[in-house]
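Source file entry_24.pdb; content: PDB, N, CA and C atoms.
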ATOM      1  N   MET A   1      -2.720 128.379 -16.411
ATOM      2  CA  MET A   1      -2.906 128.121 -17.811
ATOM      3  C   MET A   1      -4.334 128.439 -18.241
ATOM      4  N   ASP A   2      -5.290 128.277 -17.360
ATOM      5  CA  ASP A   2      -6.679 128.531 -17.739
ATOM      6  C   ASP A   2      -6.934 129.995 -18.086
ATOM      7  N   ASP A   3      -6.006 130.883 -17.718
ATOM      8  CA  ASP A   3      -6.160 132.286 -18.100
ATOM      9  C   ASP A   3      -5.944 132.490 -19.592
ATOM     10  N   THR A   4      -5.142 131.634 -20.214
ATOM     11  CA  THR A   4      -4.811 131.797 -21.629
ATOM     12  C   THR A   4      -5.293 130.646 -22.495
ATOM     13  N   HIS A   5      -5.835 129.601 -21.886
ATOM     14  CA  HIS A   5      -6.303 128.422 -22.615
ATOM     15  C   HIS A   5      -7.702 128.060 -22.121
ATOM     16  N   PRO A   6      -8.426 127.290 -22.929
ATOM     17  CA  PRO A   6      -9.723 126.813 -22.432
ATOM     18  C   PRO A   6      -9.514 125.958 -21.175
ATOM     19  N   PRO A   7     -10.541 125.807 -20.353
ATOM     20  CA  PRO A   7     -10.417 124.969 -19.154
ATOM     21  C   PRO A   7      -9.955 123.557 -19.512
ATOM     22  N   ALA A   8      -9.293 122.916 -18.567
ATOM     23  CA  ALA A   8      -8.686 121.606 -18.806
ATOM     24  C   ALA A   8      -9.698 120.586 -19.314
ATOM     25  N   HIS A   9     -10.893 120.560 -18.754
ATOM     26  CA  HIS A   9     -11.870 119.553 -19.188
ATOM     27  C   HIS A   9     -12.265 119.741 -20.649
ATOM     28  N   LEU A  10     -12.269 120.974 -21.126
ATOM     29  CA  LEU A  10     -12.589 121.210 -22.531
ATOM     30  C   LEU A  10     -11.410 120.832 -23.435
ATOM     31  N   ARG A  11     -10.188 121.071 -22.978
ATOM     32  CA  ARG A  11      -9.008 120.655 -23.753
ATOM     33  C   ARG A  11      -8.965 119.142 -23.866
ATOM     34  N   LEU A  12      -9.250 118.439 -22.749
ATOM     35  CA  LEU A  12      -9.254 116.979 -22.762
ATOM     36  C   LEU A  12     -10.353 116.441 -23.678
ATOM     37  N   ARG A  13     -11.512 117.057 -23.652
ATOM     38  CA  ARG A  13     -12.595 116.626 -24.536
ATOM     39  C   ARG A  13     -12.190 116.788 -25.997
ATOM     40  N   CYS A  14     -11.558 117.885 -26.315
ATOM     41  CA  CYS A  14     -11.097 118.132 -27.675
ATOM     42  C   CYS A  14     -10.083 117.068 -28.104
ATOM     43  N   LEU A  15      -9.148 116.756 -27.220
ATOM     44  CA  LEU A  15      -8.162 115.724 -27.536
ATOM     45  C   LEU A  15      -8.813 114.369 -27.744
ATOM     46  N   ALA A  16      -9.794 114.050 -26.927
ATOM     47  CA  ALA A  16     -10.451 112.754 -27.009
ATOM     48  C   ALA A  16     -11.257 112.607 -28.295
ATOM     49  N   GLN A  17     -11.726 113.701 -28.860
ATOM     50  CA  GLN A  17     -12.550 113.648 -30.071
ATOM     51  C   GLN A  17     -11.705 113.622 -31.340
ATOM     52  N   GLY A  18     -10.448 113.981 -31.238
ATOM     53  CA  GLY A  18      -9.602 114.047 -32.423
ATOM     54  C   GLY A  18      -9.180 112.675 -32.915
ATOM     55  N   GLU A  19      -8.854 112.603 -34.168
ATOM     56  CA  GLU A  19      -8.353 111.372 -34.766
ATOM     57  C   GLU A  19      -6.847 111.284 -34.542
ATOM     58  N   PRO A  20      -6.327 110.086 -34.305
ATOM     59  CA  PRO A  20      -4.877 109.928 -34.172
ATOM     60  C   PRO A  20      -4.167 110.400 -35.446
ATOM     61  N   GLN A  21      -3.049 111.037 -35.268
ATOM     62  CA  GLN A  21      -2.272 111.558 -36.392
ATOM     63  C   GLN A  21      -0.898 110.913 -36.406
ATOM     64  N   ALA A  22      -0.357 110.753 -37.583
ATOM     65  CA  ALA A  22       1.004 110.235 -37.707
ATOM     66  C   ALA A  22       1.984 111.276 -37.166
ATOM     67  N   ALA A  23       3.081 110.781 -36.628
ATOM     68  CA  ALA A  23       4.105 111.691 -36.109
ATOM     69  C   ALA A  23       4.654 112.555 -37.242
ATOM     70  N   ARG A  24       4.951 113.789 -36.935
ATOM     71  CA  ARG A  24       5.532 114.683 -37.940
ATOM     72  C   ARG A  24       7.047 114.600 -37.953
ATOM     73  N   VAL A  25       7.596 114.066 -36.885
ATOM     74  CA  VAL A  25       9.047 113.918 -36.786
ATOM     75  C   VAL A  25       9.341 112.447 -36.515
ATOM     76  N   ASP A  26      10.202 111.872 -37.303
ATOM     77  CA  ASP A  26      10.608 110.481 -37.109
ATOM     78  C   ASP A  26      12.078 110.493 -36.710
ATOM     79  N   VAL A  27      12.346 110.134 -35.459
ATOM     80  CA  VAL A  27      13.725 110.189 -34.964
ATOM     81  C   VAL A  27      14.461 108.878 -35.149
ATOM     82  N   GLY A  28      13.768 107.859 -35.600
ATOM     83  CA  GLY A  28      14.394 106.559 -35.774
ATOM     84  C   GLY A  28      14.357 105.753 -34.486
ATOM     85  N   ASP A  29      14.484 104.448 -34.645
ATOM     86  CA  ASP A  29      14.350 103.546 -33.495
ATOM     87  C   ASP A  29      15.422 103.755 -32.435
ATOM     88  N   GLU A  30      16.661 103.929 -32.854
ATOM     89  CA  GLU A  30      17.759 104.070 -31.888
ATOM     90  C   GLU A  30      17.604 105.344 -31.067
ATOM     91  N   ARG A  31      17.318 106.428 -31.729
ATOM     92  CA  ARG A  31      17.155 107.707 -31.019
ATOM     93  C   ARG A  31      15.905 107.667 -30.145
ATOM     94  N   ALA A  32      14.831 107.069 -30.632
ATOM     95  CA  ALA A  32      13.602 106.955 -29.842
ATOM     96  C   ALA A  32      13.860 106.162 -28.564
ATOM     97  N   ALA A  33      14.644 105.102 -28.669
ATOM     98  CA  ALA A  33      14.986 104.299 -27.489
ATOM     99  C   ALA A  33      15.812 105.118 -26.503
ATOM    100  N   ALA A  34      16.739 105.916 -27.016
ATOM    101  CA  ALA A  34      17.558 106.765 -26.138
ATOM    102  C   ALA A  34      16.699 107.810 -25.438
ATOM    103  N   ILE A  35      15.763 108.388 -26.157
ATOM    104  CA  ILE A  35      14.861 109.379 -25.562
ATOM    105  C   ILE A  35      14.000 108.723 -24.491
ATOM    106  N   ALA A  36      13.443 107.545 -24.803
ATOM    107  CA  ALA A  36      12.609 106.831 -23.830
ATOM    108  C   ALA A  36      13.401 106.498 -22.571
ATOM    109  N   ALA A  37      14.655 106.074 -22.738
ATOM    110  CA  ALA A  37      15.497 105.752 -21.579
ATOM    111  C   ALA A  37      15.764 106.998 -20.744
ATOM    112  N   GLU A  38      15.990 108.117 -21.396
ATOM    113  CA  GLU A  38      16.250 109.362 -20.668
ATOM    114  C   GLU A  38      15.022 109.816 -19.885
ATOM    115  N   LEU A  39      13.851 109.613 -20.456
ATOM    116  CA  LEU A  39      12.615 110.064 -19.813
ATOM    117  C   LEU A  39      12.030 109.056 -18.828
ATOM    118  N   ALA A  40      12.541 107.828 -18.822
ATOM    119  CA  ALA A  40      11.979 106.764 -17.987
ATOM    120  C   ALA A  40      11.862 107.141 -16.507
ATOM    121  N   PRO A  41      12.897 107.718 -15.891
ATOM    122  CA  PRO A  41      12.747 108.066 -14.471
ATOM    123  C   PRO A  41      11.616 109.064 -14.221
ATOM    124  N   ALA A  42      11.484 110.048 -15.086
ATOM    125  CA  ALA A  42      10.403 111.027 -14.923
ATOM    126  C   ALA A  42       9.058 110.370 -15.161
ATOM    127  N   ARG A  43       8.977 109.475 -16.140
ATOM    128  CA  ARG A  43       7.727 108.773 -16.428
ATOM    129  C   ARG A  43       7.289 107.963 -15.216
ATOM    130  N   ARG A  44       8.233 107.253 -14.590
ATOM    131  CA  ARG A  44       7.899 106.461 -13.394
ATOM    132  C   ARG A  44       7.426 107.364 -12.265
ATOM    133  N   ALA A  45       8.105 108.483 -12.067
ATOM    134  CA  ALA A  45       7.724 109.400 -10.986
ATOM    135  C   ALA A  45       6.318 109.956 -11.211
ATOM    136  N   VAL A  46       6.011 110.325 -12.436
ATOM    137  CA  VAL A  46       4.681 110.852 -12.741
ATOM    138  C   VAL A  46       3.629 109.761 -12.564
ATOM    139  N   ALA A  47       3.929 108.553 -13.019
ATOM    140  CA  ALA A  47       2.982 107.446 -12.866
ATOM    141  C   ALA A  47       2.689 107.185 -11.396
ATOM    142  N   ARG A  48       3.738 107.192 -10.564
ATOM    143  CA  ARG A  48       3.528 106.977  -9.123
ATOM    144  C   ARG A  48       2.657 108.090  -8.543
ATOM    145  N   GLN A  49       2.886 109.325  -8.970
ATOM    146  CA  GLN A  49       2.103 110.447  -8.453
ATOM    147  C   GLN A  49       0.645 110.335  -8.881
ATOM    148  N   VAL A  50       0.403 109.939 -10.118
ATOM    149  CA  VAL A  50      -0.971 109.775 -10.600
ATOM    150  C   VAL A  50      -1.680 108.685  -9.807
ATOM    151  N   VAL A  51      -1.034 107.552  -9.635
ATOM    152  CA  VAL A  51      -1.637 106.453  -8.878
ATOM    153  C   VAL A  51      -1.912 106.887  -7.439
ATOM    154  N   SER A  52      -0.966 107.566  -6.825
ATOM    155  CA  SER A  52      -1.143 108.043  -5.457
ATOM    156  C   SER A  52      -2.316 109.006  -5.356
ATOM    157  N   THR A  53      -2.412 109.921  -6.307
ATOM    158  CA  THR A  53      -3.503 110.893  -6.299
ATOM    159  C   THR A  53      -4.848 110.197  -6.466
ATOM    160  N   VAL A  54      -4.919 109.248  -7.378
ATOM    161  CA  VAL A  54      -6.172 108.527  -7.607
ATOM    162  C   VAL A  54      -6.555 107.741  -6.345
ATOM    163  N   GLN A  55      -5.588 107.085  -5.722
ATOM    164  CA  GLN A  55      -5.879 106.309  -4.514
ATOM    165  C   GLN A  55      -6.310 107.221  -3.375
ATOM    166  N   THR A  56      -5.666 108.357  -3.236
ATOM    167  CA  THR A  56      -5.989 109.288  -2.156
ATOM    168  C   THR A  56      -7.376 109.886  -2.332
ATOM    169  N   ARG A  57      -7.699 110.229  -3.566
ATOM    170  CA  ARG A  57      -8.994 110.868  -3.830
ATOM    171  C   ARG A  57     -10.103 109.858  -4.050
ATOM    172  N   GLY A  58      -9.746 108.590  -4.230
ATOM    173  CA  GLY A  58     -10.764 107.581  -4.472
ATOM    174  C   GLY A  58     -11.457 107.739  -5.795
ATOM    175  N   VAL A  59     -10.730 108.248  -6.763
ATOM    176  CA  VAL A  59     -11.332 108.497  -8.100
ATOM    177  C   VAL A  59     -11.444 107.203  -8.846
TER
END
I need this file expressed as structure tokens, please.
Amino acid sequence: MDDTHPPAHLRLRCLAQGEPQAARVDVGDERAAAIAAELAPARRAVARQVVSTVQTRGV
């Protein structure tokens, strides 16, 4: 991705400096809950990987 985008640290800095924006799409509470439930297993897997990486690297 760095071949076509600024380096990750610069993208993160840009995101951190921006102001929060309201969502452009409102799917409603019921649909949002369904989406969250569908993504929950992937969210847990990513969270475990992040924690493992941080613990391994001692960051």
Between CA of Ala23 (chain A) and CA of Ala36 (chain A) - distance in Å to one decimal: 15.7 Å
Record the distance separating atom C of Arg57 (chain A) and CA of Ala40 (chain A), expressed in Å with one decimal.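 Interatomic distance, atom C of Arg57 (chain A) to CA of Ala40 (chain A): 26.3 Å.
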Per DSSP on the backbone, what are the alpha helix (DSSP H) residues of chain A, as a PDB file with N, CA and C atoms, keeping the file's coordinate frame?
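In the end it all went to selection-v8.pdb:
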ATOM      1  N   ALA A   8      -9.293 122.916 -18.567  1.00  0.00           N
ATOM      2  CA  ALA A   8      -8.686 121.606 -18.806  1.00  0.00           C
ATOM      3  C   ALA A   8      -9.698 120.586 -19.314  1.00  0.00           C
ATOM      4  N   HIS A   9     -10.893 120.560 -18.754  1.00  0.00           N
ATOM      5  CA  HIS A   9     -11.870 119.553 -19.188  1.00  0.00           C
ATOM      6  C   HIS A   9     -12.265 119.741 -20.649  1.00  0.00           C
ATOM      7  N   LEU A  10     -12.269 120.974 -21.126  1.00  0.00           N
ATOM      8  CA  LEU A  10     -12.589 121.210 -22.531  1.00  0.00           C
ATOM      9  C   LEU A  10     -11.410 120.832 -23.435  1.00  0.00           C
ATOM     10  N   ARG A  11     -10.188 121.071 -22.978  1.00  0.00           N
ATOM     11  CA  ARG A  11      -9.008 120.655 -23.753  1.00  0.00           C
ATOM     12  C   ARG A  11      -8.965 119.142 -23.866  1.00  0.00           C
ATOM     13  N   LEU A  12      -9.250 118.439 -22.749  1.00  0.00           N
ATOM     14  CA  LEU A  12      -9.254 116.979 -22.762  1.00  0.00           C
ATOM     15  C   LEU A  12     -10.353 116.441 -23.678  1.00  0.00           C
ATOM     16  N   ARG A  13     -11.512 117.057 -23.652  1.00  0.00           N
ATOM     17  CA  ARG A  13     -12.595 116.626 -24.536  1.00  0.00           C
ATOM     18  C   ARG A  13     -12.190 116.788 -25.997  1.00  0.00           C
ATOM     19  N   CYS A  14     -11.558 117.885 -26.315  1.00  0.00           N
ATOM     20  CA  CYS A  14     -11.097 118.132 -27.675  1.00  0.00           C
ATOM     21  C   CYS A  14     -10.083 117.068 -28.104  1.00  0.00           C
ATOM     22  N   LEU A  15      -9.148 116.756 -27.220  1.00  0.00           N
ATOM     23  CA  LEU A  15      -8.162 115.724 -27.536  1.00  0.00           C
ATOM     24  C   LEU A  15      -8.813 114.369 -27.744  1.00  0.00           C
ATOM     25  N   ALA A  16      -9.794 114.050 -26.927  1.00  0.00           N
ATOM     26  CA  ALA A  16     -10.451 112.754 -27.009  1.00  0.00           C
ATOM     27  C   ALA A  16     -11.257 112.607 -28.295  1.00  0.00           C
ATOM     28  N   GLN A  17     -11.726 113.701 -28.860  1.00  0.00           N
ATOM     29  CA  GLN A  17     -12.550 113.648 -30.071  1.00  0.00           C
ATOM     30  C   GLN A  17     -11.705 113.622 -31.340  1.00  0.00           C
ATOM     31  N   ASP A  29      14.484 104.448 -34.645  1.00  0.00           N
ATOM     32  CA  ASP A  29      14.350 103.546 -33.495  1.00  0.00           C
ATOM     33  C   ASP A  29      15.422 103.755 -32.435  1.00  0.00           C
ATOM     34  N   GLU A  30      16.661 103.929 -32.854  1.00  0.00           N
ATOM     35  CA  GLU A  30      17.759 104.070 -31.888  1.00  0.00           C
ATOM     36  C   GLU A  30      17.604 105.344 -31.067  1.00  0.00           C
ATOM     37  N   ARG A  31      17.318 106.428 -31.729  1.00  0.00           N
ATOM     38  CA  ARG A  31      17.155 107.707 -31.019  1.00  0.00           C
ATOM     39  C   ARG A  31      15.905 107.667 -30.145  1.00  0.00           C
ATOM     40  N   ALA A  32      14.831 107.069 -30.632  1.00  0.00           N
ATOM     41  CA  ALA A  32      13.602 106.955 -29.842  1.00  0.00           C
ATOM     42  C   ALA A  32      13.860 106.162 -28.564  1.00  0.00           C
ATOM     43  N   ALA A  33      14.644 105.102 -28.669  1.00  0.00           N
ATOM     44  CA  ALA A  33      14.986 104.299 -27.489  1.00  0.00           C
ATOM     45  C   ALA A  33      15.812 105.118 -26.503  1.00  0.00           C
ATOM     46  N   ALA A  34      16.739 105.916 -27.016  1.00  0.00           N
ATOM     47  CA  ALA A  34      17.558 106.765 -26.138  1.00  0.00           C
ATOM     48  C   ALA A  34      16.699 107.810 -25.438  1.00  0.00           C
ATOM     49  N   ILE A  35      15.763 108.388 -26.157  1.00  0.00           N
ATOM     50  CA  ILE A  35      14.861 109.379 -25.562  1.00  0.00           C
ATOM     51  C   ILE A  35      14.000 108.723 -24.491  1.00  0.00           C
ATOM     52  N   ALA A  36      13.443 107.545 -24.803  1.00  0.00           N
ATOM     53  CA  ALA A  36      12.609 106.831 -23.830  1.00  0.00           C
ATOM     54  C   ALA A  36      13.401 106.498 -22.571  1.00  0.00           C
ATOM     55  N   ALA A  37      14.655 106.074 -22.738  1.00  0.00           N
ATOM     56  CA  ALA A  37      15.497 105.752 -21.579  1.00  0.00           C
ATOM     57  C   ALA A  37      15.764 106.998 -20.744  1.00  0.00           C
ATOM     58  N   GLU A  38      15.990 108.117 -21.396  1.00  0.00           N
ATOM     59  CA  GLU A  38      16.250 109.362 -20.668  1.00  0.00           C
ATOM     60  C   GLU A  38      15.022 109.816 -19.885  1.00  0.00           C
ATOM     61  N   LEU A  39      13.851 109.613 -20.456  1.00  0.00           N
ATOM     62  CA  LEU A  39      12.615 110.064 -19.813  1.00  0.00           C
ATOM     63  C   LEU A  39      12.030 109.056 -18.828  1.00  0.00           C
ATOM     64  N   ALA A  40      12.541 107.828 -18.822  1.00  0.00           N
ATOM     65  CA  ALA A  40      11.979 106.764 -17.987  1.00  0.00           C
ATOM     66  C   ALA A  40      11.862 107.141 -16.507  1.00  0.00           C
ATOM     67  N   PRO A  41      12.897 107.718 -15.891  1.00  0.00           N
ATOM     68  CA  PRO A  41      12.747 108.066 -14.471  1.00  0.00           C
ATOM     69  C   PRO A  41      11.616 109.064 -14.221  1.00  0.00           C
ATOM     70  N   ALA A  42      11.484 110.048 -15.086  1.00  0.00           N
ATOM     71  CA  ALA A  42      10.403 111.027 -14.923  1.00  0.00           C
ATOM     72  C   ALA A  42       9.058 110.370 -15.161  1.00  0.00           C
ATOM     73  N   ARG A  43       8.977 109.475 -16.140  1.00  0.00           N
ATOM     74  CA  ARG A  43       7.727 108.773 -16.428  1.00  0.00           C
ATOM     75  C   ARG A  43       7.289 107.963 -15.216  1.00  0.00           C
ATOM     76  N   ARG A  44       8.233 107.253 -14.590  1.00  0.00           N
ATOM     77  CA  ARG A  44       7.899 106.461 -13.394  1.00  0.00           C
ATOM     78  C   ARG A  44       7.426 107.364 -12.265  1.00  0.00           C
ATOM     79  N   ALA A  45       8.105 108.483 -12.067  1.00  0.00           N
ATOM     80  CA  ALA A  45       7.724 109.400 -10.986  1.00  0.00           C
ATOM     81  C   ALA A  45       6.318 109.956 -11.211  1.00  0.00           C
ATOM     82  N   VAL A  46       6.011 110.325 -12.436  1.00  0.00           N
ATOM     83  CA  VAL A  46       4.681 110.852 -12.741  1.00  0.00           C
ATOM     84  C   VAL A  46       3.629 109.761 -12.564  1.00  0.00           C
ATOM     85  N   ALA A  47       3.929 108.553 -13.019  1.00  0.00           N
ATOM     86  CA  ALA A  47       2.982 107.446 -12.866  1.00  0.00           C
ATOM     87  C   ALA A  47       2.689 107.185 -11.396  1.00  0.00           C
ATOM     88  N   ARG A  48       3.738 107.192 -10.564  1.00  0.00           N
ATOM     89  CA  ARG A  48       3.528 106.977  -9.123  1.00  0.00           C
ATOM     90  C   ARG A  48       2.657 108.090  -8.543  1.00  0.00           C
ATOM     91  N   GLN A  49       2.886 109.325  -8.970  1.00  0.00           N
ATOM     92  CA  GLN A  49       2.103 110.447  -8.453  1.00  0.00           C
ATOM     93  C   GLN A  49       0.645 110.335  -8.881  1.00  0.00           C
ATOM     94  N   VAL A  50       0.403 109.939 -10.118  1.00  0.00           N
ATOM     95  CA  VAL A  50      -0.971 109.775 -10.600  1.00  0.00           C
ATOM     96  C   VAL A  50      -1.680 108.685  -9.807  1.00  0.00           C
ATOM     97  N   VAL A  51      -1.034 107.552  -9.635  1.00  0.00           N
ATOM     98  CA  VAL A  51      -1.637 106.453  -8.878  1.00  0.00           C
ATOM     99  C   VAL A  51      -1.912 106.887  -7.439  1.00  0.00           C
ATOM    100  N   SER A  52      -0.966 107.566  -6.825  1.00  0.00           N
ATOM    101  CA  SER A  52      -1.143 108.043  -5.457  1.00  0.00           C
ATOM    102  C   SER A  52      -2.316 109.006  -5.356  1.00  0.00           C
ATOM    103  N   THR A  53      -2.412 109.921  -6.307  1.00  0.00           N
ATOM    104  CA  THR A  53      -3.503 110.893  -6.299  1.00  0.00           C
ATOM    105  C   THR A  53      -4.848 110.197  -6.466  1.00  0.00           C
ATOM    106  N   VAL A  54      -4.919 109.248  -7.378  1.00  0.00           N
ATOM    107  CA  VAL A  54      -6.172 108.527  -7.607  1.00  0.00           C
ATOM    108  C   VAL A  54      -6.555 107.741  -6.345  1.00  0.00           C
ATOM    109  N   GLN A  55      -5.588 107.085  -5.722  1.00  0.00           N
ATOM    110  CA  GLN A  55      -5.879 106.309  -4.514  1.00  0.00           C
ATOM    111  C   GLN A  55      -6.310 107.221  -3.375  1.00  0.00           C
ATOM    112  N   THR A  56      -5.666 108.357  -3.236  1.00  0.00           N
ATOM    113  CA  THR A  56      -5.989 109.288  -2.156  1.00  0.00           C
ATOM    114  C   THR A  56      -7.376 109.886  -2.332  1.00  0.00           C
ATOM    115  N   ARG A  57      -7.699 110.229  -3.566  1.00  0.00           N
ATOM    116  CA  ARG A  57      -8.994 110.868  -3.830  1.00  0.00           C
ATOM    117  C   ARG A  57     -10.103 109.858  -4.050  1.00  0.00           C
TER     118      ARG A  57
END
As a check of understanding: the span from CA of Pro7 (chain A) to atom N of Arg48 (chain A) is 24.3 Å
Around region 7-11 of chain A, with edges along x, y and z and 6 Å added on all six sides, what centre and edge lengths do you get, in Å to one decimal, as AutoDock Vina command-line options?
--center_x -10.6 --center_y 122.5 --center_z -21.2 --size_x 15.9 --size_y 18.7 --size_z 17.3
For region 14-23 of chain A, which lacks atoms in the input, supply all heavy atoms and format the output as a CSV table (one decimal), keeping the file's coordinate frame.
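Printed below is rebuild.csv as written:
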chain,number,residue,atom,x,y,z
A,14,CYS,N,-11.6,117.9,-26.3
A,14,CYS,CA,-11.1,118.1,-27.7
A,14,CYS,C,-10.1,117.1,-28.1
A,14,CYS,O,-10.2,116.5,-29.2
A,14,CYS,CB,-10.5,119.5,-27.8
A,14,CYS,SG,-9.9,120.0,-29.4
A,15,LEU,N,-9.1,116.8,-27.2
A,15,LEU,CA,-8.2,115.7,-27.5
A,15,LEU,C,-8.8,114.4,-27.7
A,15,LEU,O,-8.4,113.6,-28.6
A,15,LEU,CB,-7.1,115.6,-26.4
A,15,LEU,CG,-6.1,116.8,-26.3
A,15,LEU,CD1,-5.3,116.6,-25.1
A,15,LEU,CD2,-5.2,116.8,-27.6
A,16,ALA,N,-9.8,114.0,-26.9
A,16,ALA,CA,-10.5,112.8,-27.0
A,16,ALA,C,-11.3,112.6,-28.3
A,16,ALA,O,-11.4,111.5,-28.8
A,16,ALA,CB,-11.4,112.5,-25.8
A,17,GLN,N,-11.7,113.7,-28.9
A,17,GLN,CA,-12.6,113.6,-30.1
A,17,GLN,C,-11.7,113.6,-31.3
A,17,GLN,O,-12.2,113.3,-32.4
A,17,GLN,CB,-13.5,114.8,-30.1
A,17,GLN,CG,-14.6,114.8,-29.0
A,17,GLN,CD,-15.4,116.0,-29.0
A,17,GLN,OE1,-15.2,117.0,-29.6
A,17,GLN,NE2,-16.5,115.9,-28.2
A,18,GLY,N,-10.4,114.0,-31.2
A,18,GLY,CA,-9.6,114.0,-32.4
A,18,GLY,C,-9.2,112.7,-32.9
A,18,GLY,O,-9.2,111.7,-32.2
A,19,GLU,N,-8.9,112.6,-34.2
A,19,GLU,CA,-8.4,111.4,-34.8
A,19,GLU,C,-6.8,111.3,-34.5
A,19,GLU,O,-6.2,112.3,-34.6
A,19,GLU,CB,-8.7,111.4,-36.3
A,19,GLU,CG,-10.1,111.3,-36.6
A,19,GLU,CD,-10.7,110.0,-36.2
A,19,GLU,OE1,-10.1,108.9,-36.3
A,19,GLU,OE2,-11.9,110.0,-35.6
A,20,PRO,N,-6.3,110.1,-34.3
A,20,PRO,CA,-4.9,109.9,-34.2
A,20,PRO,C,-4.2,110.4,-35.4
A,20,PRO,O,-4.7,110.2,-36.6
A,20,PRO,CB,-4.7,108.4,-34.0
A,20,PRO,CG,-6.0,107.9,-33.5
A,20,PRO,CD,-7.0,108.8,-34.1
A,21,GLN,N,-3.0,111.0,-35.3
A,21,GLN,CA,-2.3,111.6,-36.4
A,21,GLN,C,-0.9,110.9,-36.4
A,21,GLN,O,-0.3,110.6,-35.4
A,21,GLN,CB,-2.1,113.1,-36.3
A,21,GLN,CG,-3.4,113.8,-36.2
A,21,GLN,CD,-4.1,113.8,-37.6
A,21,GLN,OE1,-3.5,114.0,-38.6
A,21,GLN,NE2,-5.4,113.5,-37.5
A,22,ALA,N,-0.4,110.8,-37.6
A,22,ALA,CA,1.0,110.2,-37.7
A,22,ALA,C,2.0,111.3,-37.2
A,22,ALA,O,1.7,112.5,-37.2
A,22,ALA,CB,1.3,109.9,-39.2
A,23,ALA,N,3.1,110.8,-36.6
A,23,ALA,CA,4.1,111.7,-36.1
A,23,ALA,C,4.7,112.6,-37.2
A,23,ALA,O,4.8,112.1,-38.4
A,23,ALA,CB,5.2,110.9,-35.5
